[in-house]
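Read through the structure below, which is laid out as structure tokens, and then see the notes.
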Amino acid sequence: MSITYNLDSPVLWVLVLIQVSLGCFDIFYHHEFTERLPWRDTAKTELRLHAARNLFYAALFGMFAWWQPHGVFAMIAALIIIAEVFITLWDFVEEDKTRALPASERLTHTLLALNYGAIMVFVLPTLWHLSQQASQMMPASYGLYLVGNIILSISSLGCFLFALRDYAMSRRGISLYRQPASPLAKKLAHRHRIVITGGTGFVGSRLIEALTGAGHAVIVLTRSTQKAASLNPPFTIVTDLSQIPGHLPIDAIINLAGAPVAEKRWSPAYRKTIINSRLGVTWQVEKLISRLDHKPELLIGASAIGFYGLRGDEILHETDQGKPAFSHDVTEGIEMANEVAAGSHCRLVNMRIGIVLGYESGVLGKLLPIFDWALGGRTGSGQQWMSWIERDDLVRMIIHTIATPSITGVINAVAPDPVRNQEFARLFGKTLKRPAFLPLPSFVVNLLFGQMGRELLLSGQRVSCEKISQAGFHFEYPQLVDALVYAVGKGQKTGEKIKVTNHDAAPQKLAINPKYANIEPHI
């Protein structure tokens, strides 16, 4: 039986189109928008592997778009195809070392690998046959009006451009490292023992890094030891607050636990998750405080500026009452639960936190890929207020609250420079050196997000930070333009590159709180 060596097989073309489609989906949906690889400081090697693989694809698509290789050129093409396999295997190893892949990305990678294997079955025997002929590049045409040639040419150009982008983004990763966190906790003179719930989250992880780096003892409540493994040691993990012995002296409890409010549409089931994830942990905190021999001096509860409801242009202070809204109901409930937990045992501070800025996660993390691709702009009318705070400033504010006994009650954790959404979009685009003129219409927000979109995206609060400022707190990033420059990892207020954090540095040695000088606790 004779074998036909042909690169124009309809089956091969279907496989190539599947490979191109899956590759585009993987790049845009996973790498750029959900996993945000260009904004991960741990993705440097992975991005460079992607750049190399895209260059291989660009070379192959570009070669086969208009030419059929013979002789040594066919051998080169075969070697590139085989080398791509080794790059992909290396990439698999690197991915598992630096991040937890979502199920959809693992499935996509599996399909890409299987489909690529099928393509190799078609192409490699043909290239082996062509390699036995005289070395030359023969013109090739595929389909009516050269449609196939054009598709391969466009694919080659796209792969080449993404190779350049991935390599450039891997170099940018150098500047995404944060300043060492330990100076954020310098206001605490004595060694404190602090319990933190929600410590694996966006704010909690940085707070733990600051406290452990400064020599404080941290106990982290988490249900996910896998997530806790990424935190900066040393710290103690508990999966239930009942695991903390009653004789252990605790200086403060910081209750940050709770499912993200702006994560997705507020279905009835997710509303219950939002509420129960907060109240359940707060009830544990209440039980812990009641049985501790040495009551903590302070309980800090994470609330939100959504407490005030939808208030337009009003300037809001801690004494202002809230208006009906789901975000108000949630925050009012958690503040009341914190009051019950603290009782008469300890000082209570409910922090009504604004939009927390940082490239790693939160609102800014979701907006980064959109604005980075010049697809950003105002949301709705753009006239709604955005009261924000840079993440390191929030950590410093928490530390300041622990160290300042006069701070009690409700605190607005926002910077002194609230802006309208349209101005936020303009400054964010300017920070990234991207245009920001594509609006997100109100009807699209309503369609996609429902009440969550109406309360959190199309409305906002203009919140004052006067109380915390009068309590002696000074913002490192009081202006949005400086906060954005630092938050996206481009530098401090002067724009210089951010120094690399030394996670291996030994924590500072602090004097034990004299209050517990004669106590030798163990946990």
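By convention here, the chains of the structure tokens are called A, B, ... in the order presented, each chain's residues are numbered starting at 1, and ligands are numbered starting at 1 in the order presented.
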
(request) Would you kindly return, as an MDAnalysis selection string, each protein, DNA or RNA residue with an atom no farther than 9 Å from any atom of Met169 of chain A, considering only C-alpha atoms and excluding same-chain residues fewer than 6 positions away? (result) chainID A and resid 37:39 44 47:48

(request) Would you kindly return, as an MDAnalysis selection string, each protein, DNA or RNA residue with an atom no farther than 12 Å from any atom of Gly309 of chain A, considering only C-alpha atoms and excluding same-chain residues fewer than 4 positions away? (result) chainID A and resid 304:305 314 316 320:332 454:456 459:463

As a PDB file with N, CA, C and O atoms, in the first residue's frame, please: the residues near Asn115 of chain A (cut-off 8 Å, only C-alpha atoms, same-chain neighbours under 4 positions excluded).
ATOM      1  N   LEU A  15      -7.443  19.903  12.334  1.00  0.00           N
ATOM      2  CA  LEU A  15      -6.631  19.830  13.545  1.00  0.00           C
ATOM      3  C   LEU A  15      -5.871  21.131  13.788  1.00  0.00           C
ATOM      4  O   LEU A  15      -5.757  21.600  14.930  1.00  0.00           O
ATOM      5  N   ILE A  18      -8.271  23.732  15.086  1.00  0.00           N
ATOM      6  CA  ILE A  18      -8.587  23.454  16.490  1.00  0.00           C
ATOM      7  C   ILE A  18      -7.445  23.928  17.381  1.00  0.00           C
ATOM      8  O   ILE A  18      -7.677  24.547  18.431  1.00  0.00           O
ATOM      9  N   GLN A  19      -6.212  23.660  16.955  1.00  0.00           N
ATOM     10  CA  GLN A  19      -5.052  24.063  17.750  1.00  0.00           C
ATOM     11  C   GLN A  19      -4.976  25.580  17.881  1.00  0.00           C
ATOM     12  O   GLN A  19      -4.721  26.113  18.971  1.00  0.00           O
ATOM     13  N   LEU A 111      -6.276  19.074  26.080  1.00  0.00           N
ATOM     14  CA  LEU A 111      -6.794  19.034  24.711  1.00  0.00           C
ATOM     15  C   LEU A 111      -5.753  19.525  23.714  1.00  0.00           C
ATOM     16  O   LEU A 111      -5.603  18.963  22.617  1.00  0.00           O
ATOM     17  N   ILE A 119      -1.601  16.159  15.227  1.00  0.00           N
ATOM     18  CA  ILE A 119      -0.954  16.915  14.143  1.00  0.00           C
ATOM     19  C   ILE A 119       0.409  16.311  13.815  1.00  0.00           C
ATOM     20  O   ILE A 119       0.786  16.174  12.637  1.00  0.00           O
TER      21      ILE A 119
END

(request) Using DSSP on the backbone, list every residue of segment 389-438 of chain A that comes out as helix (DSSP H, G or I), and give them as a count of residues only. (result) 25

(request) Using only C-alpha atoms, determine which residues lie at most 10 Å from segment 352-361 of chain A, disregarding the query and same-chain residues fewer than 2 positions distant; provide the list as an NGL selection string. (result) :A and (36 or 39-41 or 176 or 201-203 or 301-308 or 318 or 331 or 335 or 349-350 or 363-368 or 386-394 or 410-415 or 418 or 460-463 or 480 or 483-489)

(request) Write down as a list in words the residues of segment 185-321 of chain A whose backbone DSSP state falls under strand (DSSP E). (result)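 Filtering segment 185-321 of chain A down to strand (DSSP E) leaves Arg193, Ile194, Val195, Ile196, Thr197, Ala217, Val218, Ile219, Val220, Leu221, Thr236, Ile237, Val238, Ala252, Ile253, Ile254, Asn255, Leu298, Leu299, Ile300, Gly301, Ala302, Ser303, Ala304, Ile315 and Leu316 of chain A.
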
(request) May I have the residues within 7 Å of Asn232 of chain A as a PyMOL selection string, using only C-alpha atoms and disregarding those fewer than 2 positions away in the same chain? (result) chain A and resi 208-209+230+234

Save the residues we just selected, C-alpha atoms, as a short mmCIF file (atom, residue, chain, number, x, y, z; two decimals), in the first residue's frame?
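Generated output (result38.cif):
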data_model
loop_
_atom_site.label_atom_id
_atom_site.label_comp_id
_atom_site.auth_asym_id
_atom_site.auth_seq_id
_atom_site.Cartn_x
_atom_site.Cartn_y
_atom_site.Cartn_z
CA ILE A 208 0.84 38.57 58.07
CA GLU A 209 3.98 39.31 56.06
CA SER A 230 2.02 30.75 50.31
CA PRO A 234 6.84 31.91 60.70
#

(message) Residues near Gly198 of chain A, anyone? I mean within 12 Å using only C-alpha atoms, not counting same-chain ones fewer than 4 positions away, as number ranges by chain.
(response) A: 202-208, 219-224, 227-228, 231, 237-239, 253-260, 277-278, 281-282, 301-302
